[in-house]
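What follows is a set of notes on a single structure, which appears directly below.
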Amino acid sequence: RTARQAIGYRQFDAYFAGEASLEDTIALIQKESRNYAKRQVTWFRRDQRIRWFAIDRLNFDIILNSCAEDIAKYTEV
């Protein structure tokens with residue numbers, strides 16, 4: 001039952017019932033996927049423990065080193 005509620009499954013009910021075209025079904029899945037992603041970002045932005053990186057502006061090595069430092073902080077006993 002839970003899996004049928006997931007994005008990409010429940011939208012096909014209308015398609016299989018002949019109430020929506022395949023193109024409309026795909027567009028609906030894409031729209032609902034974008035909306036879900038926006039809700040996730042909103043949720044995660046409220047968590048002050050999360051450290052966000054602008055990967056387009058940072059060097060990959062800098063990101064890895066920063067992550068390693070953060071992990072070390074939380075694993076110190």
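By convention in this document, the chains of the structure tokens carry letters A, B, ... by their order, each chain's residues are numbered from 1, and ligands are numbered from 1 in the order they are shown.
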I'd like to know which residues of chain A are alpha helix (DSSP H) (by DSSP, run on the backbone); could you write them as number ranges by chain? A: 12-16, 22-45, 60-75
Which neighbours of range 67-74 of chain A fall inside 12 Å, counting only C-alpha atoms, when residues of the same chain fewer than 5 positions from it are skipped, and could you give them as an NGL selection string? :A and (49-53 or 60-62)
Neighbour list for Ala14 in chain A as an MDAnalysis selection string, cut-off 9 Å, only C-alpha atoms, skip fewer than 6 positions in-chain: chainID A and resid 20:21 25
Save the residues we just selected, N, CA and C atoms, as an mmCIF file, in the first residue's frame?
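Dumped to result-v8.cif:
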data_model
loop_
_atom_site.group_PDB
_atom_site.id
_atom_site.type_symbol
_atom_site.label_atom_id
_atom_site.label_comp_id
_atom_site.auth_asym_id
_atom_site.auth_seq_id
_atom_site.Cartn_x
_atom_site.Cartn_y
_atom_site.Cartn_z
ATOM 1 N N ALA A 20 -6.202 9.809 -18.390
ATOM 2 C CA ALA A 20 -5.089 10.707 -18.674
ATOM 3 C C ALA A 20 -4.195 10.075 -19.729
ATOM 4 N N SER A 21 -3.556 10.927 -20.517
ATOM 5 C CA SER A 21 -2.625 10.424 -21.533
ATOM 6 C C SER A 21 -1.279 10.113 -20.878
ATOM 7 N N THR A 25 0.561 12.116 -17.829
ATOM 8 C CA THR A 25 1.018 11.361 -16.659
ATOM 9 C C THR A 25 2.483 11.650 -16.375
#
Excluding range 35-37 of chain A and any residue of its chain fewer than 6 positions from it, enumerate the residues within 12 Å of it, using only C-alpha atoms, and give them as a PDB file with C-alpha atoms, in the first residue's frame.
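Output below, filename out-v9.pdb:
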ATOM      1  CA  ALA A   6       4.974   6.975  -4.025  1.00  0.00           C
ATOM      2  CA  ILE A   7       5.520   9.479  -6.790  1.00  0.00           C
ATOM      3  CA  GLY A   8       5.553   7.660 -10.093  1.00  0.00           C
ATOM      4  CA  LEU A  28       2.404  15.181 -13.592  1.00  0.00           C
ATOM      5  CA  ILE A  29       5.139  12.890 -12.259  1.00  0.00           C
ATOM      6  CA  TRP A  43      12.843  20.705   5.527  1.00  0.00           C
ATOM      7  CA  PHE A  44      16.630  20.320   5.488  1.00  0.00           C
TER       8      PHE A  44
END
So what do you get for CA of Ile55 in chain A versus CA of Gln30 in chain A, distance-wise? 24.5 Å
So what do you get for CA of Ile26 in chain A versus CA of Arg10 in chain A, distance-wise?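 Computed distance, CA of Ile26 in chain A to CA of Arg10 in chain A, equals 11.7 Å.
The space between CA of Ala27 in chain A and CA of Tyr15 in chain A spans 12.0 Å.
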